[in-house]
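The structure file input_8.cif is reproduced below (mmCIF, C-alpha atoms).
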data_target
#
loop_
_atom_site.label_atom_id
_atom_site.label_comp_id
_atom_site.auth_asym_id
_atom_site.auth_seq_id
_atom_site.Cartn_x
_atom_site.Cartn_y
_atom_site.Cartn_z
CA MET A 181 -51.03 -47.74 -114.91
CA LYS A 182 -53.88 -45.77 -113.37
CA ILE A 183 -55.10 -48.90 -111.56
CA LEU A 184 -51.60 -49.57 -110.19
CA HIS A 185 -51.35 -45.95 -109.10
CA ILE A 186 -54.70 -46.17 -107.29
CA LEU A 187 -53.69 -49.45 -105.60
CA LEU A 188 -50.39 -47.93 -104.49
CA MET A 189 -52.20 -44.92 -103.02
CA LEU A 190 -54.62 -47.21 -101.16
CA VAL A 191 -51.76 -49.25 -99.70
CA MET A 192 -50.00 -46.07 -98.55
CA CYS A 193 -53.22 -44.75 -97.06
CA PHE A 194 -53.97 -47.90 -95.08
CA SER A 195 -50.33 -48.10 -93.96
CA GLY A 196 -50.58 -44.55 -92.67
CA ILE A 197 -53.76 -45.38 -90.76
CA ALA A 198 -52.19 -48.52 -89.27
CA CYS A 199 -49.13 -46.56 -88.16
CA ALA A 200 -51.32 -43.87 -86.62
CA VAL A 201 -53.30 -46.48 -84.70
CA LYS A 202 -50.10 -48.16 -83.57
CA ARG A 203 -48.65 -44.82 -82.40
CA SER A 204 -51.88 -44.03 -80.59
CA HIS A 205 -51.84 -47.45 -78.91
CA ARG A 206 -48.26 -46.97 -77.81
CA LYS A 207 -49.06 -43.53 -76.45
CA LYS A 208 -51.88 -44.94 -74.34
CA SER A 209 -49.52 -47.65 -73.03
CA LYS A 210 -46.96 -45.20 -71.67
CA ILE A 211 -45.93 -45.95 -68.09
CA ILE A 212 -46.93 -43.02 -65.87
CA GLN A 213 -45.18 -42.52 -62.54
CA PHE A 214 -46.90 -41.21 -59.42
CA SER A 215 -45.98 -41.02 -55.75
CA SER A 216 -49.31 -40.62 -53.95
CA TYR A 217 -52.86 -41.88 -54.36
CA ASN A 218 -53.90 -38.22 -54.04
CA ASP A 219 -52.01 -37.31 -57.21
CA ALA A 220 -53.76 -36.05 -60.33
CA GLU A 221 -52.57 -39.13 -62.24
CA VAL A 222 -54.77 -41.35 -60.09
CA ALA A 223 -57.77 -39.07 -60.56
CA SER A 224 -57.16 -39.29 -64.31
CA ALA A 225 -57.14 -43.09 -64.13
CA VAL A 226 -60.40 -43.10 -62.17
CA ALA A 227 -61.98 -40.86 -64.80
CA LYS A 228 -61.20 -43.46 -67.49
CA ALA A 229 -62.93 -46.29 -65.60
CA ASP A 230 -66.36 -47.67 -66.40
CA GLY A 231 -68.23 -50.97 -66.42
CA GLN A 232 -65.99 -52.35 -69.19
CA THR A 233 -62.76 -51.64 -67.32
CA LEU A 234 -60.54 -54.09 -65.45
CA VAL A 235 -58.37 -52.47 -62.76
CA LEU A 236 -55.37 -54.37 -61.37
CA PHE A 237 -53.42 -53.49 -58.22
CA ASP A 238 -50.12 -55.04 -57.24
CA VAL A 239 -49.99 -55.66 -53.49
CA ASP A 240 -46.50 -55.40 -51.96
CA ASP A 241 -44.98 -51.91 -52.16
CA THR A 242 -48.04 -50.72 -54.08
CA LEU A 243 -50.78 -51.08 -51.46
CA ILE A 244 -49.02 -52.42 -48.37
CA HIS A 245 -45.55 -52.71 -46.85
CA SER A 246 -43.96 -53.45 -43.50
CA PRO A 247 -42.84 -50.69 -41.11
CA ASP A 248 -39.79 -52.90 -40.52
CA ALA A 249 -37.28 -52.01 -43.23
CA ALA A 250 -35.66 -55.46 -43.34
CA ALA A 251 -39.07 -57.12 -43.75
CA ASN A 252 -39.25 -55.62 -47.24
CA PRO A 253 -36.80 -57.79 -49.23
CA ALA A 254 -37.11 -55.44 -52.22
CA GLN A 255 -34.90 -53.04 -50.26
CA TYR A 256 -32.03 -55.54 -50.09
CA SER A 257 -29.18 -54.34 -52.28
CA PRO A 258 -27.04 -56.88 -54.17
CA TRP A 259 -24.15 -56.18 -51.78
CA PHE A 260 -26.34 -56.79 -48.74
CA ARG A 261 -27.54 -60.09 -50.22
CA ILE A 262 -23.92 -61.19 -50.72
CA LYS A 263 -23.12 -60.22 -47.13
CA LEU A 264 -26.21 -62.09 -45.95
CA PHE A 265 -25.20 -65.31 -47.71
CA PHE A 266 -21.66 -65.08 -46.33
CA ARG A 267 -23.04 -64.61 -42.82
CA PHE A 268 -25.70 -67.32 -43.16
CA PRO A 269 -24.56 -69.77 -45.89
CA GLN A 270 -27.50 -72.08 -45.15
CA LEU A 271 -29.71 -69.50 -46.89
CA LEU A 272 -28.07 -70.47 -50.17
CA PHE A 273 -30.24 -73.59 -50.02
CA GLU A 274 -33.88 -73.39 -51.02
CA ARG A 275 -35.61 -75.00 -48.05
CA PRO A 276 -34.01 -72.98 -45.19
CA ARG A 277 -34.30 -69.82 -47.31
CA ASP A 278 -38.02 -70.44 -47.88
CA GLU A 279 -38.51 -71.05 -44.16
CA CYS A 280 -36.93 -67.70 -43.31
CA VAL A 281 -38.69 -65.66 -46.00
CA SER A 282 -42.06 -67.20 -45.17
CA ALA A 283 -41.49 -66.45 -41.47
CA ILE A 284 -40.90 -62.79 -42.32
CA PHE A 285 -44.14 -62.58 -44.30
CA ALA A 286 -46.07 -64.46 -41.62
CA GLN A 287 -44.75 -62.58 -38.59
CA ALA A 288 -43.76 -59.06 -39.65
CA GLN A 289 -46.46 -56.40 -39.40
CA ARG A 290 -47.97 -55.12 -42.66
CA GLU A 291 -49.78 -51.83 -43.09
CA LEU A 292 -51.26 -49.67 -45.82
CA ILE A 293 -48.64 -47.42 -47.36
CA GLU A 294 -51.37 -44.77 -47.71
CA GLN A 295 -54.84 -44.88 -46.22
CA GLU A 296 -56.13 -43.38 -49.46
CA ALA A 297 -55.25 -46.60 -51.32
CA ALA A 298 -58.29 -48.41 -49.91
CA GLN A 299 -60.48 -45.46 -50.90
CA VAL A 300 -59.17 -45.55 -54.48
CA VAL A 301 -60.02 -49.27 -54.74
CA GLU A 302 -63.57 -48.52 -53.60
CA THR A 303 -63.84 -45.58 -56.03
CA PHE A 304 -63.03 -47.85 -58.96
CA LYS A 305 -65.60 -50.37 -57.72
CA ALA A 306 -68.17 -47.58 -57.48
CA ALA A 307 -67.53 -46.86 -61.18
CA ASP A 308 -68.71 -50.46 -61.81
CA SER A 309 -65.20 -51.54 -62.82
CA LYS A 310 -63.86 -54.98 -61.97
CA VAL A 311 -61.03 -54.47 -59.46
CA LEU A 312 -58.58 -57.30 -58.79
CA GLY A 313 -55.22 -57.72 -57.14
CA LEU A 314 -52.33 -59.04 -59.25
CA THR A 315 -49.37 -60.04 -57.13
CA ALA A 316 -46.23 -62.06 -57.78
CA SER A 317 -46.79 -63.71 -54.39
CA TRP A 318 -47.02 -67.44 -53.74
CA SER A 319 -50.38 -69.11 -54.36
CA GLY A 320 -50.28 -72.06 -51.95
CA LYS A 321 -47.98 -73.63 -49.39
CA TYR A 322 -44.72 -71.77 -48.99
CA GLY A 323 -42.18 -72.54 -46.29
CA SER A 324 -43.94 -72.34 -42.92
CA ILE A 325 -47.11 -70.88 -44.47
CA ASP A 326 -49.80 -73.48 -45.24
CA ASP A 327 -51.72 -71.30 -47.71
CA ALA A 328 -50.08 -68.02 -48.69
CA ALA A 329 -53.08 -66.89 -50.76
CA LEU A 330 -55.48 -67.32 -47.85
CA MET A 331 -53.09 -65.60 -45.44
CA ARG A 332 -52.61 -62.61 -47.73
CA THR A 333 -56.29 -62.11 -48.61
CA ASP A 334 -57.19 -62.19 -44.90
CA MET A 335 -54.41 -59.67 -44.22
CA LEU A 336 -55.67 -57.28 -46.89
CA LYS A 337 -59.28 -57.53 -45.76
CA ALA A 338 -58.19 -56.68 -42.22
CA LEU A 339 -56.53 -53.55 -43.65
CA GLY A 340 -59.70 -52.53 -45.51
CA ILE A 341 -58.76 -53.75 -49.00
CA ASN A 342 -61.61 -55.73 -50.57
CA PHE A 343 -61.36 -56.63 -54.24
CA SER A 344 -64.21 -57.51 -56.59
CA ASP A 345 -65.90 -60.85 -56.01
CA SER A 346 -67.27 -61.06 -59.57
CA PHE A 347 -65.14 -64.07 -60.49
CA GLN A 348 -65.06 -67.51 -58.92
CA ASP A 349 -61.87 -68.76 -57.30
CA GLN A 350 -59.88 -70.80 -59.80
CA TRP A 351 -56.50 -72.38 -60.55
CA PHE A 352 -54.63 -71.79 -63.80
CA THR A 353 -53.57 -75.32 -64.59
CA LYS A 354 -52.43 -74.54 -68.14
CA LEU A 355 -49.54 -72.53 -66.70
CA PRO A 356 -46.43 -74.16 -65.22
CA LYS A 357 -46.24 -75.04 -61.55
CA HIS A 358 -43.84 -73.34 -59.15
CA LYS A 359 -42.98 -75.21 -55.95
CA ASN A 360 -45.54 -77.76 -57.11
CA VAL A 361 -48.38 -75.20 -57.10
CA TYR A 362 -50.22 -73.45 -59.96
CA PRO A 363 -51.03 -69.73 -60.08
CA ARG A 364 -54.57 -68.99 -58.92
CA LEU A 365 -57.36 -66.48 -58.39
CA HIS A 366 -58.48 -66.33 -54.76
CA SER A 367 -60.89 -63.81 -53.24
CA GLY A 368 -60.35 -61.33 -56.04
CA ILE A 369 -56.54 -61.58 -56.13
CA LEU A 370 -54.51 -63.13 -58.93
CA PHE A 371 -51.54 -64.89 -57.34
CA ALA A 372 -48.89 -65.24 -60.06
CA ASN A 373 -46.84 -67.56 -57.85
CA ARG A 374 -43.52 -66.02 -58.96
CA GLN A 375 -44.42 -66.37 -62.63
CA ASN A 376 -44.88 -63.83 -65.45
CA LYS A 377 -47.79 -61.57 -64.48
CA GLY A 378 -48.65 -60.99 -68.13
CA ASN A 379 -49.07 -64.72 -68.73
CA VAL A 380 -51.21 -65.08 -65.61
CA LEU A 381 -53.41 -62.18 -66.74
CA VAL A 382 -53.92 -63.74 -70.18
CA SER A 383 -54.71 -67.12 -68.63
CA PHE A 384 -57.29 -65.47 -66.38
CA LEU A 385 -58.94 -63.60 -69.27
CA ASP A 386 -59.13 -66.80 -71.32
CA GLN A 387 -60.36 -69.01 -68.51
CA ALA A 388 -62.97 -66.49 -67.32
CA SER A 389 -64.04 -65.70 -70.92
CA TYR A 390 -63.69 -62.06 -70.00
CA SER A 391 -62.88 -59.30 -72.52
CA PRO A 392 -62.57 -55.86 -70.91
CA SER A 393 -62.34 -52.84 -73.19
CA ARG A 394 -59.46 -51.42 -71.20
CA ILE A 395 -57.12 -52.46 -68.39
CA ILE A 396 -55.70 -50.08 -65.78
CA VAL A 397 -52.70 -51.33 -63.79
CA PHE A 398 -50.94 -50.03 -60.67
CA ASP A 399 -47.56 -51.58 -59.81
CA ASP A 400 -44.31 -50.44 -58.20
CA ASN A 401 -42.28 -52.61 -60.60
CA LYS A 402 -41.75 -51.27 -64.13
CA LYS A 403 -40.61 -54.68 -65.40
CA GLU A 404 -43.94 -56.20 -64.38
CA LEU A 405 -45.81 -53.33 -66.04
CA ARG A 406 -43.94 -53.99 -69.28
CA LYS A 407 -44.90 -57.68 -69.13
CA ILE A 408 -48.53 -56.73 -68.68
CA ARG A 409 -48.26 -54.23 -71.55
CA ARG A 410 -47.00 -56.96 -73.87
CA ALA A 411 -49.89 -59.20 -72.81
CA CYS A 412 -52.41 -56.43 -73.50
CA ARG A 413 -50.91 -55.77 -76.94
CA LYS A 414 -51.25 -59.44 -77.82
CA ARG A 415 -54.90 -59.30 -76.83
CA ASN A 416 -55.34 -55.90 -78.52
CA VAL A 417 -56.68 -54.43 -75.26
CA GLU A 418 -56.16 -50.78 -74.39
CA CYS A 419 -54.05 -50.48 -71.26
CA HIS A 420 -53.04 -47.67 -68.91
CA LEU A 421 -50.00 -48.31 -66.74
CA TYR A 422 -49.17 -46.53 -63.48
CA ASN A 423 -45.85 -46.97 -61.68
CA TYR A 424 -46.20 -46.28 -57.94
CA ARG A 425 -43.11 -44.73 -56.33
CA GLY A 426 -44.64 -43.90 -52.96
CA ALA A 427 -43.39 -46.94 -51.05
CA LYS A 428 -39.76 -45.85 -51.32
CA LEU A 429 -40.63 -42.35 -50.12
CA ARG A 430 -42.50 -43.69 -47.08
CA SER A 431 -40.28 -46.63 -46.10
CA THR A 432 -38.19 -46.77 -42.93
CA PRO A 433 -34.49 -46.19 -43.75
CA PHE A 434 -32.70 -49.50 -44.26
CA LYS A 435 -29.84 -50.17 -41.83
CA SER A 436 -27.78 -53.20 -42.78
CA SER A 437 -26.30 -53.71 -39.29
CA ARG A 438 -29.77 -53.87 -37.71
CA ALA A 439 -31.12 -56.03 -40.55
CA LEU A 440 -28.34 -58.59 -40.10
CA LYS A 441 -29.07 -58.88 -36.38
CA GLN A 442 -32.81 -59.23 -37.04
CA LEU A 443 -32.11 -61.96 -39.59
CA ARG A 444 -29.70 -63.69 -37.19
CA CYS A 445 -32.54 -63.89 -34.65
CA LEU A 446 -34.82 -65.25 -37.36
CA VAL A 447 -32.35 -67.91 -38.52
CA ARG A 448 -31.51 -69.07 -34.98
CA GLU A 449 -34.85 -68.70 -33.21
CA LYS A 450 -37.40 -68.69 -36.07
CA ARG A 451 -38.66 -65.40 -34.66
CA TRP A 452 -38.94 -62.03 -36.40
CA LEU A 453 -37.72 -59.13 -34.28
CA SER A 454 -39.49 -55.92 -35.34
CA ASP A 455 -37.64 -52.60 -35.55
CA SER A 456 -39.28 -51.38 -32.32
CA GLU A 457 -38.50 -54.66 -30.51
CA PHE A 458 -34.90 -54.46 -31.71
CA ASP A 459 -34.55 -50.86 -30.50
CA GLN A 460 -35.99 -51.82 -27.10
CA TYR A 461 -33.58 -54.75 -26.89
CA ILE A 462 -30.57 -52.51 -27.66
CA GLU A 463 -31.64 -50.00 -25.01
CA SER A 464 -31.93 -52.74 -22.38
CA VAL A 465 -28.45 -54.12 -23.03
#
Produce structure tokens that represent the structure in this file.
Amino acid sequence: MKILHILLMLVMCFSGIACAVKRSHRKKSKIIQFSSYNDAEVASAVAKADGQTLVLFDVDDTLIHSPDAAANPAQYSPWFRIKLFFRFPQLLFERPRDECVSAIFAQAQRELIEQEAAQVVETFKAADSKVLGLTASWSGKYGSIDDAALMRTDMLKALGINFSDSFQDQWFTKLPKHKNVYPRLHSGILFANRQNKGNVLVSFLDQASYSPSRIIVFDDNKKELRKIRRACRKRNVECHLYNYRGAKLRSTPFKSSRALKQLRCLVREKRWLSDSEFDQYIESV
């Protein structure tokens, strides 16, 4: 009986330790919101970084956006999308829709949401951390764009965003294709190609034989952060998740009437009319 009692106490003890570790792990994986790269939350993330840390930045609406409200499709409400499809039913079909969306990304101006974002990337690199982009964006040919990954990396470099070059460019051929293209790593950016970011991250870690002690992630999309959190838990890697809300605060107000006219020009003429060009056109009429 004494032996059974001792065994029972040991089981309860180890169970308590396991629960404590699990609670601690969950606490560290809490999603923290912030609205500026000057916020204390960002400084706290930088303080955690070292040579064993992998830092991941989403791109759209986390680092960059367009000053043209309608060039940020994330701002489209469900009702506006319905109105858009009624006005331009050809966009219900994949090919013409891809041509229009790709034209927006190729032609509309992109800029840093905050100038401090580029400085934060460099600060993490100075801490000897590996700093990569992780975007849902397309990884190859998309619509009128011959190589979306090349176009986007060149765009970011022109804006002063340079990710770590510690890893060779590679394709993740064990993952499914989307539009006949695999996800890839190009110039320090993981292009998920509209697939699960968590799966792309795991594929990268496996293929690169890389095991960071912690992963710090910045993304404007909570759903993507949760996917990455699940991937980190499977790999038993400590993760710190930061949900950026600054893009919404700094975006140009969305006007559906203007957006519809800009999209009409795009559908008919294959030309994106910026907000300033649209305003000038209205004044001249």
Protein/DNA/RNA residues near (-53.4, -71.6, -61.8), cut 7 Å, only C-alpha atoms, as a CSV table (one decimal) with C-alpha atoms, keeping the file's coordinate frame:
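Ended up saving to result-v3.csv:
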chain,number,residue,atom,x,y,z
A,350,GLN,CA,-59.9,-70.8,-59.8
A,351,TRP,CA,-56.5,-72.4,-60.6
A,352,PHE,CA,-54.6,-71.8,-63.8
A,353,THR,CA,-53.6,-75.3,-64.6
A,355,LEU,CA,-49.5,-72.5,-66.7
A,362,TYR,CA,-50.2,-73.4,-60.0
A,363,PRO,CA,-51.0,-69.7,-60.1
A,364,ARG,CA,-54.6,-69.0,-58.9
### Å distance separating atom CA of A:Lys305 from atom CA of A:Ser344, one decimal place
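We find that atom CA of A:Lys305 and atom CA of A:Ser344 lie 7.4 Å from each other.
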### Query
When distances are computed from only C-alpha atoms, which of A:Cys445, A:Ala411, A:Ala286, A:Val397 shows the smallest separation from A:Gln213?
A:Val397
#### Entry: Residue among A:Leu314, A:Val226, A:Ala288, A:Ile341 lying closest to A:Asp455, counting only C-alpha atoms
A:Ala288
### Task
Find the spatial neighbours of A:Tyr256, counting all atoms listed in the file, within a cut-off of 12 Å - ignore same-chain residues fewer than 6 positions away - and output them as a PyMOL selection string.
chain A and resi 249-250+262-264+433-436+439-440
Go ahead and write the selection's residues with C-alpha atoms as a short mmCIF file (atom, residue, chain, number, x, y, z; two decimals), keeping the file's coordinate frame.
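Written output follows (selection_37.cif):
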data_model
loop_
_atom_site.label_atom_id
_atom_site.label_comp_id
_atom_site.auth_asym_id
_atom_site.auth_seq_id
_atom_site.Cartn_x
_atom_site.Cartn_y
_atom_site.Cartn_z
CA ALA A 249 -37.28 -52.01 -43.23
CA ALA A 250 -35.66 -55.46 -43.34
CA ILE A 262 -23.92 -61.19 -50.72
CA LYS A 263 -23.12 -60.22 -47.13
CA LEU A 264 -26.21 -62.09 -45.95
CA PRO A 433 -34.49 -46.19 -43.75
CA PHE A 434 -32.70 -49.50 -44.26
CA LYS A 435 -29.84 -50.17 -41.83
CA SER A 436 -27.78 -53.20 -42.78
CA ALA A 439 -31.12 -56.03 -40.55
CA LEU A 440 -28.34 -58.59 -40.10
#
### Query
Which of these residues is nearest to A:Ser309, using only C-alpha atoms: A:Val380, A:Met331, A:Ala225, A:Ala283?
A:Ala225
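Using only C-alpha atoms, the shortest contact distance between A:Val361 and any of A:Phe398, A:Tyr322, A:Phe384, A:Tyr390 is found at A:Tyr322.
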### Query
Of the candidates A:Pro269, A:Arg438, A:Glu294, A:Leu421, which one gets nearest to A:Asn218 if we count all atoms listed in the file?
A:Glu294
### Query
At most 10 Å from (-41.4, -57.9, -33.3), file frame, all atoms listed in the file: which residues, as a ChimeraX atom specification?
/A:248,287-289,442,451-458
### Query
Between A:Thr333, A:Thr315, A:Ser209, A:Ser282, which has the minimum distance to A:Glu404 (counting all atoms listed in the file)?
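Of A:Thr333, A:Thr315, A:Ser209, A:Ser282, the one nearest A:Glu404, counting all atoms listed in the file, is A:Thr315.
Interatomic distance, atom CA of A:Lys210 against atom CA of A:Arg409: 9.1 Å.
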#### Entry: Gap from atom CA of A:Ser346 to atom CA of A:Lys310 - Å, one decimal
7.4 Å
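Run against this file, the PyMOL selection byres ((chain A and resi 212) around 6) gives back Ile211, Gln213, Tyr422 and Asn423 of chain A.
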### Task
List the neighbours of A:Val417 out to 10 Å using only C-alpha atoms; skip same-chain residues closer than 6 positions along the sequence, and give me the result as a PyMOL selection string.
chain A and resi 205+391-395+409+411
What would the file look like if the residues just selected were written as an mmCIF file, in the frame of the given file with C-alpha atoms?
data_model
loop_
_atom_site.group_PDB
_atom_site.id
_atom_site.type_symbol
_atom_site.label_atom_id
_atom_site.label_comp_id
_atom_site.auth_asym_id
_atom_site.auth_seq_id
_atom_site.Cartn_x
_atom_site.Cartn_y
_atom_site.Cartn_z
ATOM 1 C CA HIS A 205 -51.840 -47.450 -78.910
ATOM 2 C CA SER A 391 -62.880 -59.300 -72.520
ATOM 3 C CA PRO A 392 -62.570 -55.860 -70.910
ATOM 4 C CA SER A 393 -62.340 -52.840 -73.190
ATOM 5 C CA ARG A 394 -59.460 -51.420 -71.200
ATOM 6 C CA ILE A 395 -57.120 -52.460 -68.390
ATOM 7 C CA ARG A 409 -48.260 -54.230 -71.550
ATOM 8 C CA ALA A 411 -49.890 -59.200 -72.810
#
### Query
Can you list, as a list in words, every protein, DNA or RNA residue that comes within 10 Å of A:Phe237 when you count only C-alpha atoms, leaving out same-chain residues fewer than 2 positions away?
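After dropping sequence-adjacent residues, the list is Val235, Val239, Asp240, Thr242, Leu243, Ala297, Val301, Val311, Leu312, Gly313, Leu314, Thr315, Phe343, Ile369, Leu370, Ile396, Val397, Phe398, Asp399, Asp400 and Tyr422 of chain A.
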Using the chain letters and numbers from the file, give me the residues hit by the PyMOL selection byres ((chain A and resi 330) around 10), as a compact mmCIF listing (two decimals) with C-alpha atoms, keeping the file's coordinate frame.
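Below is the file that was written, part_8.txt:
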# COMPACT_ATOMS: atom_id res chain seq x y z
CA SER A 319 -50.38 -69.11 -54.36
CA GLY A 320 -50.28 -72.06 -51.95
CA LYS A 321 -47.98 -73.63 -49.39
CA ILE A 325 -47.11 -70.88 -44.47
CA ASP A 326 -49.80 -73.48 -45.24
CA ASP A 327 -51.72 -71.30 -47.71
CA ALA A 328 -50.08 -68.02 -48.69
CA ALA A 329 -53.08 -66.89 -50.76
CA MET A 331 -53.09 -65.60 -45.44
CA ARG A 332 -52.61 -62.61 -47.73
CA THR A 333 -56.29 -62.11 -48.61
CA ASP A 334 -57.19 -62.19 -44.90
CA MET A 335 -54.41 -59.67 -44.22
CA HIS A 366 -58.48 -66.33 -54.76
CA SER A 367 -60.89 -63.81 -53.24
### Task
Evaluate the PyMOL selection byres ((chain A and resi 410) around 12) here and jot the selected residues down as a VMD selection string.
chain A and resid 205 to 206 209 to 210 376 to 379 381 to 382 403 to 409 411 to 419 421
Step by step: locate stretch 380-388 of chain A in the block above, keep all heavy atoms, then write the file as a CSV table (one decimal), in the first residue's frame.
chain,number,residue,atom,x,y,z
A,380,VAL,N,3.7,26.3,-43.9
A,380,VAL,CA,4.8,26.8,-44.6
A,380,VAL,C,6.0,27.0,-43.7
A,380,VAL,O,7.1,26.7,-44.0
A,380,VAL,CB,4.5,28.1,-45.4
A,380,VAL,CG1,5.7,28.7,-46.0
A,380,VAL,CG2,3.4,27.8,-46.4
A,381,LEU,N,5.7,27.5,-42.5
A,381,LEU,CA,6.8,27.7,-41.5
A,381,LEU,C,7.4,26.4,-41.1
A,381,LEU,O,8.7,26.2,-41.1
A,381,LEU,CB,6.2,28.4,-40.2
A,381,LEU,CG,7.2,28.5,-39.0
A,381,LEU,CD1,8.4,29.3,-39.4
A,381,LEU,CD2,6.4,29.1,-37.8
A,382,VAL,N,6.6,25.4,-40.8
A,382,VAL,CA,7.1,24.1,-40.4
A,382,VAL,C,7.9,23.5,-41.6
A,382,VAL,O,9.0,22.9,-41.4
A,382,VAL,CB,6.0,23.1,-40.1
A,382,VAL,CG1,6.4,21.7,-39.9
A,382,VAL,CG2,5.3,23.6,-38.7
A,383,SER,N,7.4,23.6,-42.8
A,383,SER,CA,8.2,23.1,-44.0
A,383,SER,C,9.5,23.7,-44.1
A,383,SER,O,10.6,23.1,-44.4
A,383,SER,CB,7.4,23.3,-45.2
A,383,SER,OG,8.0,22.6,-46.3
A,384,PHE,N,9.6,25.0,-43.9
A,384,PHE,CA,10.8,25.8,-43.9
A,384,PHE,C,11.8,25.3,-42.8
A,384,PHE,O,13.0,25.0,-43.1
A,384,PHE,CB,10.6,27.3,-43.7
A,384,PHE,CG,11.8,28.0,-43.3
A,384,PHE,CD1,12.9,28.2,-44.1
A,384,PHE,CD2,11.9,28.6,-42.0
A,384,PHE,CE1,14.0,28.9,-43.7
A,384,PHE,CE2,13.0,29.3,-41.6
A,384,PHE,CZ,14.1,29.4,-42.5
A,385,LEU,N,11.3,25.1,-41.6
A,385,LEU,CA,12.2,24.7,-40.5
A,385,LEU,C,12.7,23.3,-40.8
A,385,LEU,O,13.9,23.0,-40.5
A,385,LEU,CB,11.4,24.7,-39.2
A,385,LEU,CG,10.9,26.1,-38.7
A,385,LEU,CD1,10.1,25.9,-37.4
A,385,LEU,CD2,12.1,27.0,-38.3
A,386,ASP,N,11.9,22.4,-41.3
A,386,ASP,CA,12.4,21.1,-41.6
A,386,ASP,C,13.4,21.1,-42.8
A,386,ASP,O,14.4,20.5,-42.7
A,386,ASP,CB,11.2,20.2,-42.0
A,386,ASP,CG,10.3,19.9,-40.8
A,386,ASP,OD1,10.7,20.0,-39.7
A,386,ASP,OD2,9.1,19.5,-41.1
A,387,GLN,N,13.1,21.8,-43.8
A,387,GLN,CA,13.9,21.8,-45.0
A,387,GLN,C,15.3,22.5,-44.8
A,387,GLN,O,16.3,22.1,-45.3
A,387,GLN,CB,13.2,22.5,-46.2
A,387,GLN,CG,13.7,22.1,-47.5
A,387,GLN,CD,12.7,22.4,-48.7
A,387,GLN,OE1,11.6,21.8,-48.7
A,387,GLN,NE2,13.1,23.3,-49.6
A,388,ALA,N,15.2,23.5,-43.9
A,388,ALA,CA,16.5,24.2,-43.6
A,388,ALA,C,17.2,23.6,-42.4
A,388,ALA,O,18.3,24.1,-42.1
A,388,ALA,CB,16.2,25.7,-43.3
